[in-house]
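*Asks:* Just one file: entry.txt, with compact mmCIF, C-alpha atoms.
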# COMPACT_ATOMS: atom_id res chain seq x y z
CA MET A 1254 9.09 10.19 -37.88
CA ARG A 1255 10.75 8.29 -35.06
CA ILE A 1256 9.94 9.50 -31.57
CA SER A 1257 12.41 8.59 -28.84
CA ILE A 1258 11.69 8.57 -25.14
CA PRO A 1259 13.63 7.07 -22.24
CA ALA A 1260 12.66 3.43 -22.70
CA ALA A 1261 15.30 1.11 -21.33
CA VAL A 1262 14.18 -2.01 -19.55
CA LEU A 1263 14.48 -2.23 -15.76
CA ALA A 1264 15.45 -5.15 -13.55
CA GLY A 1265 15.59 -7.79 -16.29
CA CYS A 1266 19.00 -6.83 -17.68
CA ILE A 1267 18.10 -7.29 -21.35
CA THR A 1268 18.49 -5.57 -24.69
CA VAL A 1269 15.59 -3.42 -25.93
CA LEU A 1270 14.51 -4.05 -29.54
CA LEU A 1271 12.70 -1.31 -31.44
CA PHE A 1272 10.00 -1.88 -34.09
CA GLN A 1273 8.77 0.58 -36.67
CA PRO A 1274 5.63 2.28 -35.37
CA THR A 1275 2.32 1.98 -37.15
CA ALA A 1276 -0.25 4.71 -37.60
CA VAL A 1277 -2.85 4.21 -34.86
CA ALA A 1278 -5.44 6.28 -33.09
CA VAL A 1279 -6.04 6.35 -29.37
CA ASP A 1280 -8.93 4.07 -28.44
CA ASP A 1281 -10.73 5.20 -25.30
CA SER A 1282 -13.66 2.82 -25.73
CA GLY A 1283 -12.30 0.07 -23.46
CA ALA A 1284 -13.76 -0.80 -20.11
CA ALA A 1285 -12.95 1.42 -17.17
CA ALA A 1286 -9.66 0.55 -15.52
CA PRO A 1287 -9.93 -1.35 -12.21
CA ALA A 1288 -9.17 0.43 -8.99
CA PRO A 1289 -5.39 0.78 -8.63
CA ARG A 1290 -3.37 -0.75 -5.82
CA THR A 1291 -2.05 2.24 -3.97
CA SER A 1292 1.03 3.00 -1.92
CA ALA A 1293 2.09 5.91 0.26
CA GLY A 1294 2.90 9.22 -1.40
CA GLY A 1295 0.47 8.79 -4.28
CA GLY A 1296 2.05 5.69 -5.81
CA SER A 1297 -0.17 3.18 -7.58
CA VAL A 1298 -0.20 0.06 -9.76
CA THR A 1299 -3.08 -0.33 -12.21
CA SER A 1300 -3.91 -3.54 -14.11
CA VAL A 1301 -5.38 -3.55 -17.62
CA ALA A 1302 -6.55 -6.97 -18.84
CA LEU A 1303 -5.34 -8.17 -22.25
CA THR A 1304 -8.55 -9.78 -23.43
CA SER A 1305 -8.40 -9.40 -27.23
CA GLY A 1306 -6.04 -12.16 -28.26
CA GLY A 1307 -3.21 -10.86 -26.12
CA ALA A 1308 -3.45 -7.23 -27.18
CA VAL A 1309 -4.56 -3.84 -25.95
CA ALA A 1310 -5.36 -1.23 -28.58
CA PRO A 1311 -3.82 2.19 -27.91
CA ARG A 1312 -5.83 3.82 -25.15
CA SER A 1313 -5.62 6.54 -22.55
CA THR A 1314 -4.70 5.45 -19.02
CA ARG A 1315 -3.92 6.75 -15.59
CA SER A 1316 -0.51 8.39 -15.43
CA PHE A 1317 2.36 5.92 -15.02
CA GLU A 1318 6.14 5.79 -15.40
CA LEU A 1319 6.91 2.06 -15.58
CA LEU A 1320 5.03 -0.91 -17.01
CA GLY A 1321 5.27 -4.66 -17.47
CA VAL A 1322 3.10 -7.62 -18.49
CA VAL A 1323 2.20 -10.44 -16.08
CA TRP A 1324 0.19 -13.66 -16.40
CA ASP A 1325 -1.08 -16.62 -14.40
CA GLY A 1326 0.75 -19.94 -14.42
CA SER A 1327 4.30 -20.88 -15.34
CA PRO A 1328 6.94 -18.13 -15.57
CA THR A 1329 8.13 -19.77 -18.82
CA ALA A 1330 4.67 -19.86 -20.46
CA LEU A 1331 5.71 -17.21 -23.01
CA ALA A 1332 9.07 -18.81 -23.83
CA GLY A 1333 9.70 -18.51 -27.55
CA GLY A 1334 7.27 -15.60 -27.89
CA PHE A 1335 7.61 -11.91 -27.26
CA VAL A 1336 5.77 -8.92 -25.83
CA ARG A 1337 5.99 -5.42 -27.23
CA VAL A 1338 4.50 -2.18 -25.95
CA ARG A 1339 4.06 1.45 -26.94
CA THR A 1340 3.53 4.36 -24.56
CA ARG A 1341 2.25 7.91 -24.94
CA ASP A 1342 4.32 10.76 -23.52
CA ALA A 1343 2.15 12.66 -21.04
CA ALA A 1344 3.82 15.99 -21.85
CA THR A 1345 3.83 15.86 -25.67
CA GLY A 1346 1.03 13.40 -26.47
CA ARG A 1347 3.36 11.55 -28.84
CA TRP A 1348 3.49 7.76 -29.07
CA SER A 1349 6.77 5.91 -28.76
CA ASP A 1350 8.02 3.21 -31.10
CA TRP A 1351 7.34 -0.40 -30.20
CA HIS A 1352 9.60 -1.74 -27.44
CA THR A 1353 10.12 -5.43 -26.77
CA LEU A 1354 10.01 -6.76 -23.20
CA GLU A 1355 11.88 -9.88 -22.08
CA ALA A 1356 9.28 -12.67 -21.76
CA ASP A 1357 11.43 -15.22 -19.91
CA ALA A 1358 12.30 -15.14 -16.22
CA VAL A 1359 15.71 -13.50 -15.66
CA ASP A 1360 15.73 -12.10 -12.12
CA GLY A 1361 13.65 -13.32 -9.29
CA PRO A 1362 13.11 -15.81 -6.50
CA ASP A 1363 14.15 -19.41 -7.03
CA ALA A 1364 10.45 -20.34 -6.84
CA VAL A 1365 8.05 -17.98 -8.65
CA ALA A 1366 4.25 -18.05 -8.32
CA HIS A 1367 3.41 -16.63 -11.76
CA GLY A 1368 4.99 -15.16 -14.88
CA ALA A 1369 6.06 -11.60 -15.62
CA THR A 1370 8.14 -9.74 -18.15
CA ALA A 1371 10.96 -7.48 -17.14
CA PRO A 1372 9.49 -3.99 -16.65
CA LEU A 1373 10.02 -0.97 -18.90
CA TRP A 1374 10.81 2.55 -17.67
CA ALA A 1375 8.84 4.86 -19.96
CA GLY A 1376 8.94 8.18 -18.12
CA ARG A 1377 5.72 10.10 -17.45
CA SER A 1378 3.09 8.52 -19.71
CA ASP A 1379 -0.71 8.48 -20.03
CA GLY A 1380 -1.41 5.94 -22.78
CA VAL A 1381 -0.45 2.37 -23.65
CA ALA A 1382 -0.70 -0.26 -26.39
CA VAL A 1383 0.33 -3.91 -25.96
CA ASP A 1384 0.93 -6.74 -28.45
CA VAL A 1385 1.72 -10.27 -27.20
CA HIS A 1386 3.06 -12.91 -29.62
CA PRO A 1387 2.82 -16.34 -27.94
CA GLY A 1388 5.42 -19.09 -28.01
CA PRO A 1389 4.72 -22.78 -28.67
CA ALA A 1390 2.63 -23.07 -25.51
CA GLY A 1391 0.15 -20.42 -26.69
CA LEU A 1392 -1.17 -17.47 -24.72
CA PRO A 1393 -1.15 -17.94 -20.94
CA ARG A 1394 -4.20 -17.20 -18.82
CA GLY A 1395 -4.69 -13.92 -17.03
CA LEU A 1396 -2.55 -11.71 -19.28
CA ARG A 1397 -2.52 -8.12 -18.03
CA VAL A 1398 -0.36 -5.03 -18.32
CA GLU A 1399 0.69 -3.39 -15.06
CA LEU A 1400 1.07 0.42 -15.00
CA VAL A 1401 3.22 1.77 -12.16
CA ASP A 1402 3.18 5.32 -10.83
CA PRO A 1403 5.93 5.75 -8.18
CA GLY A 1404 4.28 8.78 -6.61
CA GLN A 1405 6.22 10.95 -4.19
CA GLY A 1406 7.08 8.15 -1.78
CA ALA A 1407 6.38 7.66 1.90
CA ALA A 1408 7.38 10.55 4.14
CA ALA A 1409 10.36 10.04 6.45
CA SER A 1410 12.16 12.07 9.07
CA THR A 1411 15.46 13.54 7.93
CA ASP A 1412 17.55 11.55 10.41
CA ALA A 1413 16.14 8.26 9.06
CA GLN A 1414 17.08 8.83 5.44
CA THR A 1415 20.81 8.07 5.33
CA LEU A 1416 23.25 5.79 7.15
CA PRO A 1417 26.47 7.83 7.28
CA GLU A 1418 29.86 6.45 6.32
CA ARG A 1419 31.51 4.58 9.17
CA PRO A 1420 35.21 3.63 9.55
CA ALA A 1421 36.28 0.02 9.21
CA GLY A 1422 36.21 -2.16 12.29
CA PRO A 1423 38.89 -4.59 13.43
CA GLU A 1424 37.53 -7.59 11.48
CA THR A 1425 39.62 -9.35 8.84
CA ALA A 1426 38.98 -7.89 5.36
CA ALA A 1427 36.96 -5.08 6.92
CA ALA A 1428 36.24 -2.00 4.81
CA PRO A 1429 34.59 1.30 5.75
CA ARG A 1430 30.82 1.26 5.60
CA PRO A 1431 29.87 3.71 2.84
CA GLY A 1432 27.01 6.16 3.20
CA ILE A 1433 23.77 4.37 2.33
CA VAL A 1434 20.40 5.97 1.52
CA THR A 1435 17.90 3.98 3.56
CA ARG A 1436 14.55 2.69 2.39
CA ALA A 1437 12.99 5.63 4.21
CA GLY A 1438 15.31 7.88 2.22
CA TRP A 1439 14.00 6.70 -1.16
CA GLY A 1440 10.41 6.66 0.06
CA ALA A 1441 9.61 2.95 0.42
CA ASP A 1442 6.08 2.23 1.60
CA GLU A 1443 6.78 -0.54 4.12
CA SER A 1444 3.11 -1.52 4.29
CA ILE A 1445 3.07 -3.12 0.81
CA ARG A 1446 5.89 -5.67 1.38
CA GLU A 1447 5.63 -8.86 3.41
CA ALA A 1448 6.19 -8.45 7.12
CA GLY A 1449 9.25 -10.08 8.59
CA PHE A 1450 12.52 -10.97 6.92
CA VAL A 1451 14.28 -14.03 5.48
CA TYR A 1452 18.01 -14.58 5.96
CA THR A 1453 20.56 -16.94 4.45
CA GLY A 1454 24.04 -17.95 5.52
CA ALA A 1455 26.93 -15.49 5.35
CA VAL A 1456 27.26 -13.55 2.10
CA ARG A 1457 30.02 -15.08 -0.03
CA VAL A 1458 29.39 -13.45 -3.42
CA ALA A 1459 28.19 -10.03 -4.58
CA PHE A 1460 26.38 -10.27 -7.94
CA VAL A 1461 26.52 -7.05 -9.99
CA HIS A 1462 23.52 -6.18 -12.20
CA HIS A 1463 22.41 -3.24 -14.29
CA THR A 1464 18.79 -2.10 -14.30
CA ALA A 1465 18.96 -1.26 -18.05
CA THR A 1466 17.43 2.20 -17.61
CA ALA A 1467 18.73 5.26 -19.46
CA THR A 1468 22.19 6.35 -18.33
CA ASP A 1469 21.63 10.11 -18.60
CA TYR A 1470 19.00 10.39 -15.85
CA ALA A 1471 19.25 13.03 -13.16
CA CYS A 1472 20.51 11.35 -10.01
CA SER A 1473 17.77 13.14 -8.10
CA ASP A 1474 15.29 10.92 -10.03
CA ALA A 1475 16.89 7.66 -8.87
CA PRO A 1476 14.47 7.26 -5.93
CA ARG A 1477 11.53 7.34 -8.38
CA VAL A 1478 13.11 4.57 -10.44
CA ILE A 1479 13.72 2.49 -7.30
CA ARG A 1480 10.16 2.98 -6.02
CA SER A 1481 8.82 1.88 -9.41
CA ILE A 1482 10.92 -1.31 -9.37
CA TYR A 1483 9.82 -1.96 -5.78
CA GLN A 1484 6.13 -1.58 -6.59
CA TYR A 1485 6.38 -3.79 -9.69
CA HIS A 1486 8.31 -6.51 -7.86
CA VAL A 1487 5.84 -6.55 -4.94
CA GLN A 1488 2.44 -5.47 -6.26
CA SER A 1489 2.71 -6.97 -9.76
CA ASN A 1490 5.12 -9.92 -9.46
CA GLY A 1491 4.00 -10.90 -5.99
CA TRP A 1492 7.52 -10.97 -4.50
CA ARG A 1493 7.95 -10.32 -0.79
CA ASP A 1494 10.03 -7.16 -1.43
CA ILE A 1495 12.24 -5.52 -4.06
CA GLY A 1496 14.60 -8.10 -5.53
CA TYR A 1497 17.95 -6.31 -5.15
CA ASN A 1498 19.82 -5.95 -1.85
CA PHE A 1499 21.44 -2.65 -2.92
CA LEU A 1500 21.33 -0.21 -5.83
CA VAL A 1501 23.89 2.38 -6.97
CA ASP A 1502 23.15 5.41 -9.18
CA ARG A 1503 25.41 7.07 -11.75
CA CYS A 1504 26.63 9.57 -9.15
CA GLY A 1505 27.82 6.76 -6.89
CA THR A 1506 25.03 7.07 -4.32
CA ILE A 1507 24.25 3.73 -2.67
CA TYR A 1508 20.67 2.76 -1.78
CA GLU A 1509 19.36 0.10 0.57
CA GLY A 1510 17.27 -2.44 -1.34
CA ARG A 1511 15.49 -5.40 0.26
CA ALA A 1512 14.57 -4.77 3.89
CA GLY A 1513 16.06 -6.67 6.81
CA GLY A 1514 19.23 -4.78 7.72
CA VAL A 1515 22.06 -3.66 5.46
CA ASP A 1516 24.57 -5.56 7.61
CA GLN A 1517 22.51 -8.78 7.56
CA PRO A 1518 22.53 -11.64 4.97
CA VAL A 1519 19.08 -10.79 3.61
CA PHE A 1520 17.72 -13.36 1.15
CA GLY A 1521 17.17 -11.51 -2.13
CA ALA A 1522 15.59 -12.23 -5.53
CA HIS A 1523 18.19 -11.14 -8.07
CA THR A 1524 20.18 -14.07 -9.52
CA LEU A 1525 17.89 -17.02 -10.20
CA GLY A 1526 19.45 -20.14 -8.69
CA PHE A 1527 22.05 -18.28 -6.64
CA ASN A 1528 20.09 -16.06 -4.27
CA THR A 1529 21.33 -17.99 -1.23
CA ASN A 1530 24.53 -16.73 0.46
CA SER A 1531 24.84 -13.85 -1.99
CA SER A 1532 23.96 -10.17 -2.31
CA GLY A 1533 22.51 -8.52 -5.42
CA ILE A 1534 23.81 -5.03 -6.26
CA ALA A 1535 22.18 -3.19 -9.18
CA ALA A 1536 23.77 -0.35 -11.12
CA ILE A 1537 21.00 2.02 -12.22
CA GLY A 1538 21.51 2.46 -15.96
CA THR A 1539 22.34 0.53 -19.13
CA PHE A 1540 25.96 -0.44 -19.63
CA SER A 1541 25.97 -2.63 -22.71
CA SER A 1542 28.12 -0.09 -24.58
CA ASP A 1543 28.10 3.01 -22.34
CA THR A 1544 31.05 3.00 -19.96
CA PRO A 1545 29.78 3.22 -16.37
CA PRO A 1546 30.81 6.50 -14.71
CA GLN A 1547 33.75 6.21 -12.34
CA GLU A 1548 31.54 7.36 -9.47
CA LEU A 1549 29.21 4.41 -10.11
CA GLN A 1550 32.13 1.98 -10.29
CA ASP A 1551 33.46 3.35 -7.01
CA GLY A 1552 30.04 2.94 -5.40
CA LEU A 1553 29.86 -0.69 -6.51
CA ALA A 1554 33.34 -1.31 -5.09
CA LYS A 1555 32.52 0.39 -1.77
CA ILE A 1556 29.33 -1.54 -1.04
CA SER A 1557 30.83 -4.85 -2.23
CA ALA A 1558 34.01 -4.41 -0.14
CA TRP A 1559 32.03 -3.57 2.98
CA LYS A 1560 29.37 -6.26 2.56
CA LEU A 1561 31.90 -9.05 1.86
CA GLY A 1562 34.23 -7.81 4.58
CA LEU A 1563 31.56 -8.15 7.27
CA THR A 1564 32.34 -11.87 7.36
CA GLY A 1565 35.99 -11.69 6.43
CA ARG A 1566 35.55 -12.37 2.70
CA SER A 1567 38.22 -10.96 0.41
CA ALA A 1568 36.75 -9.01 -2.50
CA GLY A 1569 39.51 -10.44 -4.66
CA GLY A 1570 38.86 -14.07 -3.77
CA THR A 1571 36.49 -16.79 -4.93
CA ALA A 1572 33.64 -18.63 -3.24
CA GLN A 1573 31.42 -21.60 -3.92
CA LEU A 1574 27.63 -21.46 -4.21
CA THR A 1575 25.17 -24.26 -4.91
CA SER A 1576 22.65 -23.80 -7.71
CA GLY A 1577 19.08 -23.71 -6.46
CA SER A 1578 17.36 -23.89 -9.85
CA ASP A 1579 17.64 -25.82 -13.10
CA ALA A 1580 16.74 -22.56 -14.84
CA SER A 1581 20.13 -21.08 -13.97
CA LEU A 1582 23.31 -21.71 -15.99
CA TYR A 1583 23.88 -24.80 -13.85
CA PRO A 1584 21.56 -27.69 -12.91
CA LYS A 1585 20.09 -27.57 -9.43
CA GLY A 1586 22.54 -28.91 -6.87
CA THR A 1587 25.67 -28.04 -8.87
CA VAL A 1588 28.46 -26.47 -6.80
CA VAL A 1589 29.93 -23.51 -8.69
CA ALA A 1590 33.00 -21.37 -7.96
CA PHE A 1591 32.43 -17.62 -8.47
CA HIS A 1592 34.57 -14.54 -8.09
CA ALA A 1593 33.58 -12.82 -4.85
CA ILE A 1594 32.40 -9.95 -7.06
CA SER A 1595 30.69 -11.51 -10.09
CA GLY A 1596 28.31 -10.42 -12.83
CA HIS A 1597 24.74 -11.61 -13.19
CA ARG A 1598 25.74 -13.38 -16.43
CA ASP A 1599 28.09 -15.64 -14.46
CA GLY A 1600 25.05 -17.40 -12.99
CA PHE A 1601 22.33 -16.91 -15.61
CA ALA A 1602 22.10 -16.75 -19.42
CA THR A 1603 21.81 -12.96 -19.76
CA GLU A 1604 23.84 -10.00 -21.01
CA CYS A 1605 23.52 -8.37 -17.58
CA PRO A 1606 25.31 -6.35 -16.25
CA GLY A 1607 26.14 -5.21 -19.79
CA GLU A 1608 29.38 -5.73 -21.69
CA ALA A 1609 30.90 -2.40 -20.65
CA LEU A 1610 30.21 -2.87 -16.94
CA TYR A 1611 31.20 -6.54 -16.98
CA ALA A 1612 34.55 -5.54 -18.47
CA ARG A 1613 35.10 -3.20 -15.50
CA LEU A 1614 34.56 -5.88 -12.84
CA PRO A 1615 38.31 -6.68 -12.51
CA ALA A 1616 39.00 -3.00 -11.79
CA ILE A 1617 36.07 -2.86 -9.35
CA ARG A 1618 37.46 -5.91 -7.56
CA GLY A 1619 40.84 -4.21 -7.34
CA THR A 1620 39.32 -1.09 -5.79
CA ALA A 1621 37.33 -3.20 -3.34
CA VAL A 1622 40.46 -5.10 -2.28
CA ARG A 1623 42.26 -1.81 -1.59
CA LEU A 1624 39.30 -0.62 0.48
CA GLN A 1625 39.56 -3.78 2.56
CA GLY A 1626 43.14 -2.79 3.39
Show this structure as structure tokens.
*Replies:*
Amino acid sequence: MRISIPAAVLAGCITVLLFQPTAVAVDDSGAAAPAPRTSAGGGSVTSVALTSGGAVAPRSTRSFELLGVVWDGSPTALAGGFVRVRTRDAATGRWSDWHTLEADAVDGPDAVAHGATAPLWAGRSDGVAVDVHPGPAGLPRGLRVELVDPGQGAAASTDAQTLPERPAGPETAAAPRPGIVTRAGWGADESIREAGFVYTGAVRVAFVHHTATATDYACSDAPRVIRSIYQYHVQSNGWRDIGYNFLVDRCGTIYEGRAGGVDQPVFGAHTLGFNTNSSGIAAIGTFSSDTPPQELQDGLAKISAWKLGLTGRSAGGTAQLTSGSDASLYPKGTVVAFHAISGHRDGFATECPGEALYARLPAIRGTAVRLQG
């Protein structure tokens, strides 16, 4: 019998492959889990070492909602291999099928300290099994699975949770600032990220992503998804903050991503090789075949039009960026012309933001141009 749970992959913008499950029993004989890294509101990230040839037999764990596998050394150490996981539904006790995680770097800073898969959103779970198949380089050192519980988030005063919509100013290509749920609004624990901010030159390009989560989620759950991505990016991957500059849910709600000021050119970690002078905007969901809701498309257009318009950039124009990594589609130092609103796949070998959403980018550009007046 096939058991299905919400199991799309977050942040990495990849396709999930399913394997036939095998009959296994839960093994609770492993060593006690190490103390979790905590965050405000009951959030936590727990590491479980993969010490038996790159595998963890099915076992009970602390409750979690998102997981990924990380390792020491080169981010490409598992190139040519694959990682698959199973999770146990905390409500039903049933085990999922095997789900494959992307083992190569897709999103992230242009310089990464260690390797990590894209994370998997599993929903409320209390058990895990992991199977790592190495590539030509063999198994990397320090393999471990990271289990993320987003908790309830840090408390915030009501007046700090949303930046209201604001009319356009007099600048060329200006567009109204849309309403934006602040980091306080989605419950970010500011104590876990690096202090201070990093800025680039003016934003020339908005790169559209999808997080590859299920598309039928309740929009009220979007903050939990965002907190989970944040904790994985910071506490597991070792990034200074969440990688995306903004996120948009299926209802069109826009969320502040990386800290530093929504009207500032904050240096993100979203499009390897092209994080400088750009902004990463993630659509929460999977849009490989599912058509993105119109509300989501409108949200992408609103935040792109406003962000590009802050420095007089037309949402319908083009701009040049210089590749910062040989791991991108273009060798380091190559000057590349992009649409002002581009897809992740335009700068990296990935399906992101999904075929259905990518096909809607011309229409999103058109809406953004109209918003810029």
*Asks:* Using all atoms listed in the file, which of A:Leu1331, A:Ala1408, A:Leu1563, A:Ala1302 sits nearest Ala1421 in chain A?
*Replies:*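 Among the listed residues, A:Leu1563 lies closest to Ala1421 in chain A.
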*Asks:* Mind giving me the straight-line distance from CA of Pro1423 in chain A to CA of Gly1521 in chain A in Å, one decimal?
*Replies:*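 CA of Pro1423 in chain A sits 27.6 Å away from CA of Gly1521 in chain A.
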*Asks:* Which of these residues is nearest to Ala1593 in chain A, using all atoms listed in the file: A:Asn1530, A:Ser1349, A:Ser1489, A:Ser1542?
*Replies:*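 Looking only at the distances to Ala1593 in chain A, the closest residue turns out to be A:Asn1530.
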*Asks:* What does the structure give for the distance between CA of Glu1318 in chain A and CA of Glu1548 in chain A, in Å to one decimal?
*Replies:*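 That distance, rounded to one decimal, is 26.1 Å.
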*Asks:* Which is closest to Phe1450 in chain A among A:Leu1400, A:Ala1344, A:Ala1512, A:Leu1500, if we use only C-alpha atoms?
*Replies:*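 Checking each of A:Leu1400, A:Ala1344, A:Ala1512, A:Leu1500 against Phe1450 in chain A, counting only C-alpha atoms, the winner is A:Ala1512.
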*Asks:* What lies within 10 Å of Thr1304 in chain A using only C-alpha atoms, ignoring chain neighbours under 4 positions off, as a list of chain:residue names?
*Replies:*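 Within the cut-off, the hits are A:Ala1308, A:Val1309, A:Arg1394, A:Gly1395, A:Leu1396, A:Arg1397.
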*Asks:* Got a sec: who's within 8 Å of His1463 in chain A, counting all atoms listed in the file, leaving out chain neighbours fewer than 4 positions off, as a PyMOL selection string?
*Replies:* chain A and resi 1264+1266+1535-1540+1605-1607
*Asks:* Anything within 8 Å of (37.3, -1.6, 6.7): list those residues as a list in words, counting all atoms listed in the file and sticking to the file's coordinates.
*Replies:*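 The requested residues, written out, are Pro1420, Ala1421, Gly1422, Pro1423, Glu1424, Ala1426, Ala1427, Ala1428, Pro1429, Arg1430, Trp1559, Gly1562, Leu1624, Gln1625 and Gly1626 of chain A.
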